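Undergrad: Sharing upload08.tsv here; it has TSV, N, CA and C atoms.
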chain	number	residue	atom	x	y	z
N	5	MET	N	49.16	-165.64	-113.99
N	5	MET	CA	49.81	-165.23	-112.76
N	5	MET	C	51.22	-164.68	-113.00
N	6	GLN	N	51.83	-165.09	-114.09
N	6	GLN	CA	53.19	-164.63	-114.36
N	6	GLN	C	53.21	-163.12	-114.62
N	7	TRP	N	52.15	-162.59	-115.23
N	7	TRP	CA	52.13	-161.16	-115.52
N	7	TRP	C	52.08	-160.34	-114.23
N	8	ILE	N	51.41	-160.87	-113.20
N	8	ILE	CA	51.37	-160.18	-111.90
N	8	ILE	C	52.75	-160.15	-111.28
N	9	GLN	N	53.45	-161.28	-111.33
N	9	GLN	CA	54.81	-161.34	-110.79
N	9	GLN	C	55.72	-160.39	-111.55
N	10	SER	N	55.58	-160.35	-112.87
N	10	SER	CA	56.39	-159.45	-113.69
N	10	SER	C	56.09	-157.99	-113.36
N	11	LEU	N	54.80	-157.67	-113.20
N	11	LEU	CA	54.40	-156.32	-112.84
N	11	LEU	C	54.99	-155.90	-111.50
N	12	CYS	N	54.89	-156.78	-110.51
N	12	CYS	CA	55.44	-156.48	-109.17
N	12	CYS	C	56.95	-156.29	-109.23
N	13	THR	N	57.63	-157.15	-109.98
N	13	THR	CA	59.09	-157.03	-110.12
N	13	THR	C	59.45	-155.70	-110.77
N	14	ASP	N	58.72	-155.34	-111.84
N	14	ASP	CA	58.99	-154.06	-112.52
N	14	ASP	C	58.72	-152.88	-111.60
N	15	LEU	N	57.62	-152.95	-110.83
N	15	LEU	CA	57.27	-151.87	-109.92
N	15	LEU	C	58.32	-151.70	-108.84
N	16	TRP	N	58.71	-152.79	-108.21
N	16	TRP	CA	59.73	-152.70	-107.16
N	16	TRP	C	61.06	-152.22	-107.71
N	17	GLY	N	61.38	-152.64	-108.93
N	17	GLY	CA	62.61	-152.17	-109.57
N	17	GLY	C	62.57	-150.67	-109.81
N	18	TYR	N	61.41	-150.19	-110.27
N	18	TYR	CA	61.26	-148.75	-110.49
N	18	TYR	C	61.37	-147.99	-109.18
N	19	LEU	N	60.67	-148.47	-108.16
N	19	LEU	CA	60.71	-147.79	-106.86
N	19	LEU	C	62.13	-147.74	-106.30
N	20	ALA	N	62.90	-148.79	-106.52
N	20	ALA	CA	64.28	-148.83	-106.02
N	20	ALA	C	65.18	-147.84	-106.75
N	21	ARG	N	64.83	-147.51	-108.01
N	21	ARG	CA	65.66	-146.60	-108.81
N	21	ARG	C	65.16	-145.16	-108.82
N	22	MET	N	64.08	-144.86	-108.10
N	22	MET	CA	63.51	-143.52	-108.13
N	22	MET	C	64.49	-142.49	-107.59
N	23	SER	N	64.50	-141.34	-108.24
N	23	SER	CA	65.32	-140.24	-107.75
N	23	SER	C	64.58	-139.52	-106.63
N	24	ALA	N	65.30	-138.69	-105.91
N	24	ALA	CA	64.67	-137.91	-104.84
N	24	ALA	C	63.59	-137.00	-105.41
N	25	TRP	N	63.80	-136.46	-106.61
N	25	TRP	CA	62.81	-135.59	-107.23
N	25	TRP	C	61.54	-136.34	-107.60
N	26	GLU	N	61.69	-137.60	-108.02
N	26	GLU	CA	60.50	-138.40	-108.31
N	26	GLU	C	59.71	-138.69	-107.04
N	27	VAL	N	60.42	-138.89	-105.94
N	27	VAL	CA	59.75	-139.07	-104.64
N	27	VAL	C	58.97	-137.81	-104.29
N	28	VAL	N	59.57	-136.64	-104.51
N	28	VAL	CA	58.88	-135.37	-104.27
N	28	VAL	C	57.62	-135.29	-105.13
N	29	GLY	N	57.73	-135.63	-106.40
N	29	GLY	CA	56.58	-135.60	-107.29
N	29	GLY	C	55.47	-136.53	-106.83
N	30	PHE	N	55.82	-137.75	-106.44
N	30	PHE	CA	54.82	-138.70	-105.96
N	30	PHE	C	54.19	-138.23	-104.65
N	31	CYS	N	54.97	-137.63	-103.77
N	31	CYS	CA	54.41	-137.11	-102.51
N	31	CYS	C	53.40	-136.00	-102.80
N	32	GLY	N	53.71	-135.14	-103.74
N	32	GLY	CA	52.76	-134.10	-104.14
N	32	GLY	C	51.48	-134.69	-104.69
N	33	GLN	N	51.60	-135.73	-105.49
N	33	GLN	CA	50.41	-136.38	-106.05
N	33	GLN	C	49.57	-137.03	-104.96
N	34	VAL	N	50.23	-137.67	-103.99
N	34	VAL	CA	49.50	-138.30	-102.88
N	34	VAL	C	48.77	-137.24	-102.06
N	35	CYS	N	49.44	-136.14	-101.79
N	35	CYS	CA	48.81	-135.04	-101.04
N	35	CYS	C	47.61	-134.50	-101.81
N	36	PHE	N	47.80	-134.30	-103.10
N	36	PHE	CA	46.72	-133.76	-103.93
N	36	PHE	C	45.55	-134.74	-103.99
N	37	LEU	N	45.83	-136.03	-104.12
N	37	LEU	CA	44.79	-137.05	-104.15
N	37	LEU	C	44.05	-137.14	-102.82
N	38	SER	N	44.76	-136.97	-101.72
N	38	SER	CA	44.14	-137.12	-100.39
N	38	SER	C	43.04	-136.10	-100.15
N	39	ARG	N	43.09	-134.98	-100.85
N	39	ARG	CA	42.05	-133.97	-100.67
N	39	ARG	C	40.69	-134.52	-101.09
N	40	PHE	N	40.66	-135.35	-102.13
N	40	PHE	CA	39.40	-135.94	-102.57
N	40	PHE	C	38.90	-136.99	-101.59
N	41	VAL	N	39.83	-137.71	-100.97
N	41	VAL	CA	39.44	-138.69	-99.96
N	41	VAL	C	38.82	-137.99	-98.76
N	42	VAL	N	39.44	-136.89	-98.32
N	42	VAL	CA	38.90	-136.11	-97.21
N	42	VAL	C	37.51	-135.57	-97.56
N	43	GLN	N	37.37	-135.02	-98.76
N	43	GLN	CA	36.08	-134.47	-99.19
N	43	GLN	C	35.02	-135.57	-99.24
N	44	TRP	N	35.38	-136.73	-99.71
N	44	TRP	CA	34.44	-137.85	-99.81
N	44	TRP	C	33.97	-138.29	-98.42
N	45	ILE	N	34.92	-138.42	-97.48
N	45	ILE	CA	34.58	-138.85	-96.11
N	45	ILE	C	33.64	-137.84	-95.45
N	46	VAL	N	33.96	-136.56	-95.56
N	46	VAL	CA	33.13	-135.53	-94.94
N	46	VAL	C	31.74	-135.50	-95.58
N	47	THR	N	31.68	-135.63	-96.89
N	47	THR	CA	30.39	-135.66	-97.58
N	47	THR	C	29.56	-136.86	-97.13
N	48	GLU	N	30.17	-138.03	-97.01
N	48	GLU	CA	29.45	-139.22	-96.57
N	48	GLU	C	28.91	-139.05	-95.15
N	49	ARG	N	29.72	-138.46	-94.28
N	49	ARG	CA	29.27	-138.27	-92.89
N	49	ARG	C	28.12	-137.29	-92.80
N	50	ARG	N	28.16	-136.23	-93.60
N	50	ARG	CA	27.12	-135.20	-93.54
N	50	ARG	C	25.92	-135.51	-94.46
N	51	LYS	N	26.09	-136.49	-95.32
N	51	LYS	CA	25.04	-136.89	-96.27
N	51	LYS	C	24.65	-135.75	-97.21
N	52	GLN	N	25.62	-134.88	-97.50
N	52	GLN	CA	25.44	-133.81	-98.49
N	52	GLN	C	26.82	-133.41	-99.00
N	53	SER	N	26.87	-132.93	-100.21
N	53	SER	CA	28.14	-132.54	-100.80
N	53	SER	C	28.75	-131.39	-99.99
N	54	THR	N	29.96	-131.60	-99.52
N	54	THR	CA	30.62	-130.64	-98.64
N	54	THR	C	32.09	-130.54	-99.03
N	55	ILE	N	32.61	-129.33	-99.03
N	55	ILE	CA	34.05	-129.13	-99.23
N	55	ILE	C	34.62	-128.58	-97.94
N	56	PRO	N	35.31	-129.43	-97.16
N	56	PRO	CA	35.87	-128.98	-95.89
N	56	PRO	C	37.10	-128.09	-96.11
N	57	VAL	N	37.45	-127.32	-95.10
N	57	VAL	CA	38.63	-126.44	-95.18
N	57	VAL	C	39.89	-127.26	-95.44
N	58	ALA	N	39.95	-128.47	-94.90
N	58	ALA	CA	41.12	-129.33	-95.12
N	58	ALA	C	41.34	-129.59	-96.61
N	59	PHE	N	40.27	-129.64	-97.38
N	59	PHE	CA	40.37	-129.83	-98.83
N	59	PHE	C	41.25	-128.75	-99.44
N	60	TRP	N	41.03	-127.50	-99.04
N	60	TRP	CA	41.79	-126.38	-99.61
N	60	TRP	C	43.24	-126.39	-99.15
N	61	TYR	N	43.48	-126.76	-97.88
N	61	TYR	CA	44.86	-126.85	-97.41
N	61	TYR	C	45.62	-127.97	-98.10
N	62	LEU	N	44.99	-129.13	-98.29
N	62	LEU	CA	45.63	-130.23	-99.00
N	62	LEU	C	45.85	-129.86	-100.47
N	63	SER	N	44.91	-129.13	-101.06
N	63	SER	CA	45.07	-128.66	-102.43
N	63	SER	C	46.28	-127.75	-102.54
N	64	LEU	N	46.39	-126.82	-101.60
N	64	LEU	CA	47.52	-125.89	-101.61
N	64	LEU	C	48.84	-126.61	-101.38
N	65	ALA	N	48.88	-127.51	-100.41
N	65	ALA	CA	50.12	-128.25	-100.12
N	65	ALA	C	50.54	-129.09	-101.32
N	66	GLY	N	49.59	-129.82	-101.89
N	66	GLY	CA	49.91	-130.64	-103.06
N	66	GLY	C	50.38	-129.80	-104.23
N	67	THR	N	49.74	-128.66	-104.43
N	67	THR	CA	50.11	-127.77	-105.53
N	67	THR	C	51.51	-127.20	-105.33
N	68	ILE	N	51.83	-126.82	-104.11
N	68	ILE	CA	53.18	-126.27	-103.85
N	68	ILE	C	54.25	-127.32	-104.15
N	69	VAL	N	54.02	-128.55	-103.70
N	69	VAL	CA	54.99	-129.62	-103.95
N	69	VAL	C	55.08	-129.91	-105.45
N	70	LEU	N	53.94	-130.01	-106.12
N	70	LEU	CA	53.96	-130.29	-107.56
N	70	LEU	C	54.51	-129.12	-108.37
N	71	LEU	N	54.28	-127.89	-107.91
N	71	LEU	CA	54.88	-126.73	-108.58
N	71	LEU	C	56.40	-126.78	-108.45
N	72	THR	N	56.87	-127.12	-107.27
N	72	THR	CA	58.32	-127.26	-107.06
N	72	THR	C	58.91	-128.31	-107.99
N	73	TYR	N	58.21	-129.44	-108.09
N	73	TYR	CA	58.65	-130.52	-108.98
N	73	TYR	C	58.63	-130.05	-110.44
N	74	SER	N	57.59	-129.32	-110.83
N	74	SER	CA	57.48	-128.82	-112.20
N	74	SER	C	58.60	-127.82	-112.53
N	75	ILE	N	58.94	-126.99	-111.55
N	75	ILE	CA	60.05	-126.04	-111.75
N	75	ILE	C	61.34	-126.81	-111.94
N	76	HIS	N	61.55	-127.86	-111.15
N	76	HIS	CA	62.74	-128.70	-111.31
N	76	HIS	C	62.79	-129.30	-112.72
N	77	LEU	N	61.64	-129.74	-113.23
N	77	LEU	CA	61.59	-130.33	-114.57
N	77	LEU	C	61.64	-129.27	-115.67
N	78	ARG	N	61.45	-128.00	-115.28
N	78	ARG	CA	61.40	-126.88	-116.23
N	78	ARG	C	60.30	-127.09	-117.26
N	79	ASN	N	59.13	-127.50	-116.76
N	79	ASN	CA	57.98	-127.77	-117.62
N	79	ASN	C	57.02	-126.58	-117.54
N	80	PRO	N	57.03	-125.71	-118.55
N	80	PRO	CA	56.22	-124.49	-118.47
N	80	PRO	C	54.72	-124.74	-118.41
N	81	VAL	N	54.25	-125.83	-119.00
N	81	VAL	CA	52.82	-126.13	-118.98
N	81	VAL	C	52.37	-126.38	-117.55
N	82	PHE	N	53.08	-127.23	-116.82
N	82	PHE	CA	52.70	-127.53	-115.45
N	82	PHE	C	53.01	-126.39	-114.50
N	83	ILE	N	54.08	-125.66	-114.75
N	83	ILE	CA	54.40	-124.49	-113.92
N	83	ILE	C	53.24	-123.49	-113.98
N	84	LEU	N	52.76	-123.20	-115.17
N	84	LEU	CA	51.65	-122.26	-115.33
N	84	LEU	C	50.39	-122.79	-114.65
N	85	GLY	N	50.08	-124.06	-114.87
N	85	GLY	CA	48.87	-124.65	-114.29
N	85	GLY	C	48.89	-124.66	-112.78
N	86	PHE	N	49.99	-125.10	-112.20
N	86	PHE	CA	50.06	-125.16	-110.74
N	86	PHE	C	50.15	-123.77	-110.12
N	87	SER	N	50.74	-122.82	-110.82
N	87	SER	CA	50.79	-121.44	-110.31
N	87	SER	C	49.39	-120.87	-110.22
N	88	LEU	N	48.58	-121.07	-111.25
N	88	LEU	CA	47.21	-120.59	-111.24
N	88	LEU	C	46.41	-121.29	-110.14
N	89	ASN	N	46.56	-122.60	-110.02
N	89	ASN	CA	45.88	-123.34	-108.94
N	89	ASN	C	46.20	-122.75	-107.59
N	90	MET	N	47.47	-122.46	-107.36
N	90	MET	CA	47.90	-121.95	-106.06
N	90	MET	C	47.20	-120.62	-105.75
N	91	LEU	N	47.08	-119.75	-106.72
N	91	LEU	CA	46.40	-118.47	-106.50
N	91	LEU	C	44.93	-118.70	-106.12
N	92	ILE	N	44.28	-119.63	-106.80
N	92	ILE	CA	42.87	-119.92	-106.51
N	92	ILE	C	42.71	-120.48	-105.10
N	93	TYR	N	43.57	-121.41	-104.70
N	93	TYR	CA	43.46	-122.02	-103.37
N	93	TYR	C	43.74	-121.02	-102.26
N	94	VAL	N	44.74	-120.17	-102.46
N	94	VAL	CA	45.04	-119.13	-101.47
N	94	VAL	C	43.86	-118.16	-101.36
N	95	ARG	N	43.27	-117.82	-102.48
N	95	ARG	CA	42.11	-116.91	-102.47
N	95	ARG	C	40.93	-117.54	-101.73
N	96	ASN	N	40.66	-118.83	-101.98
N	96	ASN	CA	39.58	-119.51	-101.27
N	96	ASN	C	39.83	-119.53	-99.77
N	97	LEU	N	41.07	-119.81	-99.37
N	97	LEU	CA	41.39	-119.81	-97.93
N	97	LEU	C	41.27	-118.41	-97.34
N	98	TYR	N	41.61	-117.40	-98.12
N	98	TYR	CA	41.45	-116.02	-97.65
N	98	TYR	C	39.98	-115.75	-97.33
N	99	PHE	N	39.09	-116.13	-98.23
N	99	PHE	CA	37.66	-115.89	-98.01
N	99	PHE	C	37.13	-116.71	-96.84
N	100	ILE	N	37.63	-117.89	-96.66
N	100	ILE	CA	37.19	-118.74	-95.54
N	100	ILE	C	37.59	-118.12	-94.20
N	101	HIS	N	38.80	-117.57	-94.14
N	101	HIS	CA	39.32	-117.07	-92.85
N	101	HIS	C	39.12	-115.58	-92.65
N	102	ARG	N	38.62	-114.90	-93.66
N	102	ARG	CA	38.38	-113.46	-93.54
N	102	ARG	C	37.32	-113.21	-92.49
N	103	LYS	N	37.56	-112.25	-91.66
N	103	LYS	CA	36.57	-111.91	-90.63
N	103	LYS	C	35.42	-111.12	-91.26
N	104	ALA	N	34.26	-111.40	-90.77
N	104	ALA	CA	33.07	-110.67	-91.25
N	104	ALA	C	33.20	-109.20	-90.85
N	105	PRO	N	32.78	-108.29	-91.72
N	105	PRO	CA	32.87	-106.88	-91.36
N	105	PRO	C	32.00	-106.55	-90.16
N	106	ALA	N	32.50	-105.65	-89.36
N	106	ALA	CA	31.74	-105.25	-88.15
N	106	ALA	C	30.52	-104.45	-88.56
N	107	THR	N	29.42	-104.74	-87.91
N	107	THR	CA	28.19	-103.98	-88.17
N	107	THR	C	28.03	-102.93	-87.09
N	108	GLY	N	27.47	-101.87	-87.45
N	108	GLY	CA	27.28	-100.95	-86.36
N	108	GLY	C	27.00	-99.62	-86.78
Write the structure described by the file as structure tokens, please.
TA:
Amino acid sequence: MQWIQSLCTDLWGYLARMSAWEVVGFCGQVCFLSRFVVQWIVTERRKQSTIPVAFWYLSLAGTIVLLTYSIHLRNPVFILGFSLNMLIYVRNLYFIHRKAPATG
């Protein structure tokens, strides 16, 4: 039981010392993670694998926040990765919201 108490003490100590940028990074991760929770709930309700539009918006929001955090850290690996992700998510949303061509 002492290891649990030590873990909780260390965790609370870390949370108390977090910088504003670390909070931004964690918020981006929570947003990014929530997209899978949304996808899971929708899939369970429909009883088939489904990717709802909210998945793409949460992906984009999480990526923007994490890209901002990566730029702050000046980490080129994550900057490149999140930049590419952002293009893919915007493209998917474009196709979702694009109007069907008029027939006639």
Undergrad: Using Å and a single decimal, report how far CA of Val69 (chain N) sits from atom N of Trp25 (chain N).
TA: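 Going from atom N of Trp25 (chain N) over to CA of Val69 (chain N) covers 11.5 Å.
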Undergrad: Taking into account only C-alpha atoms, which residue in the set N:Ala58, N:Ile83, N:Leu71, N:Val28 is nearest to Val41 (chain N)?
TA: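 Selected residue with least distance to Val41 (chain N): N:Ala58.
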Undergrad: In Å, how far is it from atom N of His76 (chain N) to atom C of Gly29 (chain N)?
TA: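 Atom C of Gly29 (chain N) lies 11.4 Å from atom N of His76 (chain N).
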Undergrad: Just want the 7 Å neighbourhood of Leu70 (chain N), counted on all atoms listed in the file, with same-chain residues fewer than 2 positions away dropped. Output as a PyMOL selection string.
TA: chain N and resi 28-29+31-33+65-68+72-75+82+86
Undergrad: To one decimal in Å, tell me the separation between CA of Val94 (chain N) and CA of Gln52 (chain N).
TA: 24.7 Å
Undergrad: Write out as a short mmCIF file (atom, residue, chain, number, x, y, z; two decimals) with N, CA and C atoms, in the coordinates of the input all residues of chain N that backbone DSSP assigns to helix (DSSP H, G or I).
TA:
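Here's the written file states_18.cif:
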data_model
loop_
_atom_site.label_atom_id
_atom_site.label_comp_id
_atom_site.auth_asym_id
_atom_site.auth_seq_id
_atom_site.Cartn_x
_atom_site.Cartn_y
_atom_site.Cartn_z
N GLN N 6 51.83 -165.09 -114.09
CA GLN N 6 53.19 -164.63 -114.36
C GLN N 6 53.21 -163.12 -114.62
N TRP N 7 52.15 -162.59 -115.23
CA TRP N 7 52.13 -161.16 -115.52
C TRP N 7 52.08 -160.34 -114.23
N ILE N 8 51.41 -160.87 -113.20
CA ILE N 8 51.37 -160.18 -111.90
C ILE N 8 52.75 -160.15 -111.28
N GLN N 9 53.45 -161.28 -111.33
CA GLN N 9 54.81 -161.34 -110.79
C GLN N 9 55.72 -160.39 -111.55
N SER N 10 55.58 -160.35 -112.87
CA SER N 10 56.39 -159.45 -113.69
C SER N 10 56.09 -157.99 -113.36
N LEU N 11 54.80 -157.67 -113.20
CA LEU N 11 54.40 -156.32 -112.84
C LEU N 11 54.99 -155.90 -111.50
N CYS N 12 54.89 -156.78 -110.51
CA CYS N 12 55.44 -156.48 -109.17
C CYS N 12 56.95 -156.29 -109.23
N THR N 13 57.63 -157.15 -109.98
CA THR N 13 59.09 -157.03 -110.12
C THR N 13 59.45 -155.70 -110.77
N ASP N 14 58.72 -155.34 -111.84
CA ASP N 14 58.99 -154.06 -112.52
C ASP N 14 58.72 -152.88 -111.60
N LEU N 15 57.62 -152.95 -110.83
CA LEU N 15 57.27 -151.87 -109.92
C LEU N 15 58.32 -151.70 -108.84
N TRP N 16 58.71 -152.79 -108.21
CA TRP N 16 59.73 -152.70 -107.16
C TRP N 16 61.06 -152.22 -107.71
N GLY N 17 61.38 -152.64 -108.93
CA GLY N 17 62.61 -152.17 -109.57
C GLY N 17 62.57 -150.67 -109.81
N TYR N 18 61.41 -150.19 -110.27
CA TYR N 18 61.26 -148.75 -110.49
C TYR N 18 61.37 -147.99 -109.18
N LEU N 19 60.67 -148.47 -108.16
CA LEU N 19 60.71 -147.79 -106.86
C LEU N 19 62.13 -147.74 -106.30
N ALA N 20 62.90 -148.79 -106.52
CA ALA N 20 64.28 -148.83 -106.02
C ALA N 20 65.18 -147.84 -106.75
N ARG N 21 64.83 -147.51 -108.01
CA ARG N 21 65.66 -146.60 -108.81
C ARG N 21 65.16 -145.16 -108.82
N ALA N 24 65.30 -138.69 -105.91
CA ALA N 24 64.67 -137.91 -104.84
C ALA N 24 63.59 -137.00 -105.41
N TRP N 25 63.80 -136.46 -106.61
CA TRP N 25 62.81 -135.59 -107.23
C TRP N 25 61.54 -136.34 -107.60
N GLU N 26 61.69 -137.60 -108.02
CA GLU N 26 60.50 -138.40 -108.31
C GLU N 26 59.71 -138.69 -107.04
N VAL N 27 60.42 -138.89 -105.94
CA VAL N 27 59.75 -139.07 -104.64
C VAL N 27 58.97 -137.81 -104.29
N VAL N 28 59.57 -136.64 -104.51
CA VAL N 28 58.88 -135.37 -104.27
C VAL N 28 57.62 -135.29 -105.13
N GLY N 29 57.73 -135.63 -106.40
CA GLY N 29 56.58 -135.60 -107.29
C GLY N 29 55.47 -136.53 -106.83
N PHE N 30 55.82 -137.75 -106.44
CA PHE N 30 54.82 -138.70 -105.96
C PHE N 30 54.19 -138.23 -104.65
N CYS N 31 54.97 -137.63 -103.77
CA CYS N 31 54.41 -137.11 -102.51
C CYS N 31 53.40 -136.00 -102.80
N GLY N 32 53.71 -135.14 -103.74
CA GLY N 32 52.76 -134.10 -104.14
C GLY N 32 51.48 -134.69 -104.69
N GLN N 33 51.60 -135.73 -105.49
CA GLN N 33 50.41 -136.38 -106.05
C GLN N 33 49.57 -137.03 -104.96
N VAL N 34 50.23 -137.67 -103.99
CA VAL N 34 49.50 -138.30 -102.88
C VAL N 34 48.77 -137.24 -102.06
N CYS N 35 49.44 -136.14 -101.79
CA CYS N 35 48.81 -135.04 -101.04
C CYS N 35 47.61 -134.50 -101.81
N PHE N 36 47.80 -134.30 -103.10
CA PHE N 36 46.72 -133.76 -103.93
C PHE N 36 45.55 -134.74 -103.99
N LEU N 37 45.83 -136.03 -104.12
CA LEU N 37 44.79 -137.05 -104.15
C LEU N 37 44.05 -137.14 -102.82
N SER N 38 44.76 -136.97 -101.72
CA SER N 38 44.14 -137.12 -100.39
C SER N 38 43.04 -136.10 -100.15
N ARG N 39 43.09 -134.98 -100.85
CA ARG N 39 42.05 -133.97 -100.67
C ARG N 39 40.69 -134.52 -101.09
N PHE N 40 40.66 -135.35 -102.13
CA PHE N 40 39.40 -135.94 -102.57
C PHE N 40 38.90 -136.99 -101.59
N VAL N 41 39.83 -137.71 -100.97
CA VAL N 41 39.44 -138.69 -99.96
C VAL N 41 38.82 -137.99 -98.76
N VAL N 42 39.44 -136.89 -98.32
CA VAL N 42 38.90 -136.11 -97.21
C VAL N 42 37.51 -135.57 -97.56
N GLN N 43 37.37 -135.02 -98.76
CA GLN N 43 36.08 -134.47 -99.19
C GLN N 43 35.02 -135.57 -99.24
N TRP N 44 35.38 -136.73 -99.71
CA TRP N 44 34.44 -137.85 -99.81
C TRP N 44 33.97 -138.29 -98.42
N ILE N 45 34.92 -138.42 -97.48
CA ILE N 45 34.58 -138.85 -96.11
C ILE N 45 33.64 -137.84 -95.45
N VAL N 46 33.96 -136.56 -95.56
CA VAL N 46 33.13 -135.53 -94.94
C VAL N 46 31.74 -135.50 -95.58
N THR N 47 31.68 -135.63 -96.89
CA THR N 47 30.39 -135.66 -97.58
C THR N 47 29.56 -136.86 -97.13
N GLU N 48 30.17 -138.03 -97.01
CA GLU N 48 29.45 -139.22 -96.57
C GLU N 48 28.91 -139.05 -95.15
N ARG N 49 29.72 -138.46 -94.28
CA ARG N 49 29.27 -138.27 -92.89
C ARG N 49 28.12 -137.29 -92.80
N ARG N 50 28.16 -136.23 -93.60
CA ARG N 50 27.12 -135.20 -93.54
C ARG N 50 25.92 -135.51 -94.46
N VAL N 57 37.45 -127.32 -95.10
CA VAL N 57 38.63 -126.44 -95.18
C VAL N 57 39.89 -127.26 -95.44
N ALA N 58 39.95 -128.47 -94.90
CA ALA N 58 41.12 -129.33 -95.12
C ALA N 58 41.34 -129.59 -96.61
N PHE N 59 40.27 -129.64 -97.38
CA PHE N 59 40.37 -129.83 -98.83
C PHE N 59 41.25 -128.75 -99.44
N TRP N 60 41.03 -127.50 -99.04
CA TRP N 60 41.79 -126.38 -99.61
C TRP N 60 43.24 -126.39 -99.15
N TYR N 61 43.48 -126.76 -97.88
CA TYR N 61 44.86 -126.85 -97.41
C TYR N 61 45.62 -127.97 -98.10
N LEU N 62 44.99 -129.13 -98.29
CA LEU N 62 45.63 -130.23 -99.00
C LEU N 62 45.85 -129.86 -100.47
N SER N 63 44.91 -129.13 -101.06
CA SER N 63 45.07 -128.66 -102.43
C SER N 63 46.28 -127.75 -102.54
N LEU N 64 46.39 -126.82 -101.60
CA LEU N 64 47.52 -125.89 -101.61
C LEU N 64 48.84 -126.61 -101.38
N ALA N 65 48.88 -127.51 -100.41
CA ALA N 65 50.12 -128.25 -100.12
C ALA N 65 50.54 -129.09 -101.32
N GLY N 66 49.59 -129.82 -101.89
CA GLY N 66 49.91 -130.64 -103.06
C GLY N 66 50.38 -129.80 -104.23
N THR N 67 49.74 -128.66 -104.43
CA THR N 67 50.11 -127.77 -105.53
C THR N 67 51.51 -127.20 -105.33
N ILE N 68 51.83 -126.82 -104.11
CA ILE N 68 53.18 -126.27 -103.85
C ILE N 68 54.25 -127.32 -104.15
N VAL N 69 54.02 -128.55 -103.70
CA VAL N 69 54.99 -129.62 -103.95
C VAL N 69 55.08 -129.91 -105.45
N LEU N 70 53.94 -130.01 -106.12
CA LEU N 70 53.96 -130.29 -107.56
C LEU N 70 54.51 -129.12 -108.37
N LEU N 71 54.28 -127.89 -107.91
CA LEU N 71 54.88 -126.73 -108.58
C LEU N 71 56.40 -126.78 -108.45
N THR N 72 56.87 -127.12 -107.27
CA THR N 72 58.32 -127.26 -107.06
C THR N 72 58.91 -128.31 -107.99
N TYR N 73 58.21 -129.44 -108.09
CA TYR N 73 58.65 -130.52 -108.98
C TYR N 73 58.63 -130.05 -110.44
N SER N 74 57.59 -129.32 -110.83
CA SER N 74 57.48 -128.82 -112.20
C SER N 74 58.60 -127.82 -112.53
N ILE N 75 58.94 -126.99 -111.55
CA ILE N 75 60.05 -126.04 -111.75
C ILE N 75 61.34 -126.81 -111.94
N HIS N 76 61.55 -127.86 -111.15
CA HIS N 76 62.74 -128.70 -111.31
C HIS N 76 62.79 -129.30 -112.72
N LEU N 77 61.64 -129.74 -113.23
CA LEU N 77 61.59 -130.33 -114.57
C LEU N 77 61.64 -129.27 -115.67
N PRO N 80 57.03 -125.71 -118.55
CA PRO N 80 56.22 -124.49 -118.47
C PRO N 80 54.72 -124.74 -118.41
N VAL N 81 54.25 -125.83 -119.00
CA VAL N 81 52.82 -126.13 -118.98
C VAL N 81 52.37 -126.38 -117.55
N PHE N 82 53.08 -127.23 -116.82
CA PHE N 82 52.70 -127.53 -115.45
C PHE N 82 53.01 -126.39 -114.50
N ILE N 83 54.08 -125.66 -114.75
CA ILE N 83 54.40 -124.49 -113.92
C ILE N 83 53.24 -123.49 -113.98
N LEU N 84 52.76 -123.20 -115.17
CA LEU N 84 51.65 -122.26 -115.33
C LEU N 84 50.39 -122.79 -114.65
N GLY N 85 50.08 -124.06 -114.87
CA GLY N 85 48.87 -124.65 -114.29
C GLY N 85 48.89 -124.66 -112.78
N PHE N 86 49.99 -125.10 -112.20
CA PHE N 86 50.06 -125.16 -110.74
C PHE N 86 50.15 -123.77 -110.12
N SER N 87 50.74 -122.82 -110.82
CA SER N 87 50.79 -121.44 -110.31
C SER N 87 49.39 -120.87 -110.22
N LEU N 88 48.58 -121.07 -111.25
CA LEU N 88 47.21 -120.59 -111.24
C LEU N 88 46.41 -121.29 -110.14
N ASN N 89 46.56 -122.60 -110.02
CA ASN N 89 45.88 -123.34 -108.94
C ASN N 89 46.20 -122.75 -107.59
N MET N 90 47.47 -122.46 -107.36
CA MET N 90 47.90 -121.95 -106.06
C MET N 90 47.20 -120.62 -105.75
N LEU N 91 47.08 -119.75 -106.72
CA LEU N 91 46.40 -118.47 -106.50
C LEU N 91 44.93 -118.70 -106.12
N ILE N 92 44.28 -119.63 -106.80
CA ILE N 92 42.87 -119.92 -106.51
C ILE N 92 42.71 -120.48 -105.10
N TYR N 93 43.57 -121.41 -104.70
CA TYR N 93 43.46 -122.02 -103.37
C TYR N 93 43.74 -121.02 -102.26
N VAL N 94 44.74 -120.17 -102.46
CA VAL N 94 45.04 -119.13 -101.47
C VAL N 94 43.86 -118.16 -101.36
N ARG N 95 43.27 -117.82 -102.48
CA ARG N 95 42.11 -116.91 -102.47
C ARG N 95 40.93 -117.54 -101.73
N ASN N 96 40.66 -118.83 -101.98
CA ASN N 96 39.58 -119.51 -101.27
C ASN N 96 39.83 -119.53 -99.77
N LEU N 97 41.07 -119.81 -99.37
CA LEU N 97 41.39 -119.81 -97.93
C LEU N 97 41.27 -118.41 -97.34
N TYR N 98 41.61 -117.40 -98.12
CA TYR N 98 41.45 -116.02 -97.65
C TYR N 98 39.98 -115.75 -97.33
N PHE N 99 39.09 -116.13 -98.23
CA PHE N 99 37.66 -115.89 -98.01
C PHE N 99 37.13 -116.71 -96.84
N ILE N 100 37.63 -117.89 -96.66
CA ILE N 100 37.19 -118.74 -95.54
C ILE N 100 37.59 -118.12 -94.20
N HIS N 101 38.80 -117.57 -94.14
CA HIS N 101 39.32 -117.07 -92.85
C HIS N 101 39.12 -115.58 -92.65
#
Undergrad: What box, with edges along x, y and z, holds each listed atom of region 46-61 of chain N when 5 Å is added on every side, and can you state its centre and edge lengths in Å to one decimal, as JSON?
TA:
{"center_x": 35.1, "center_y": -132.8, "center_z": -96.8, "size_x": 31.0, "size_y": 22.8, "size_z": 18.0}
Undergrad: Write out as a PyMOL selection string each polymer residue whose atoms come within 8 Å of Val42 (chain N), counting only N, CA and C atoms; drop sequence neighbours fewer than 6 positions from it.
TA: chain N and resi 48+54-56+58-59
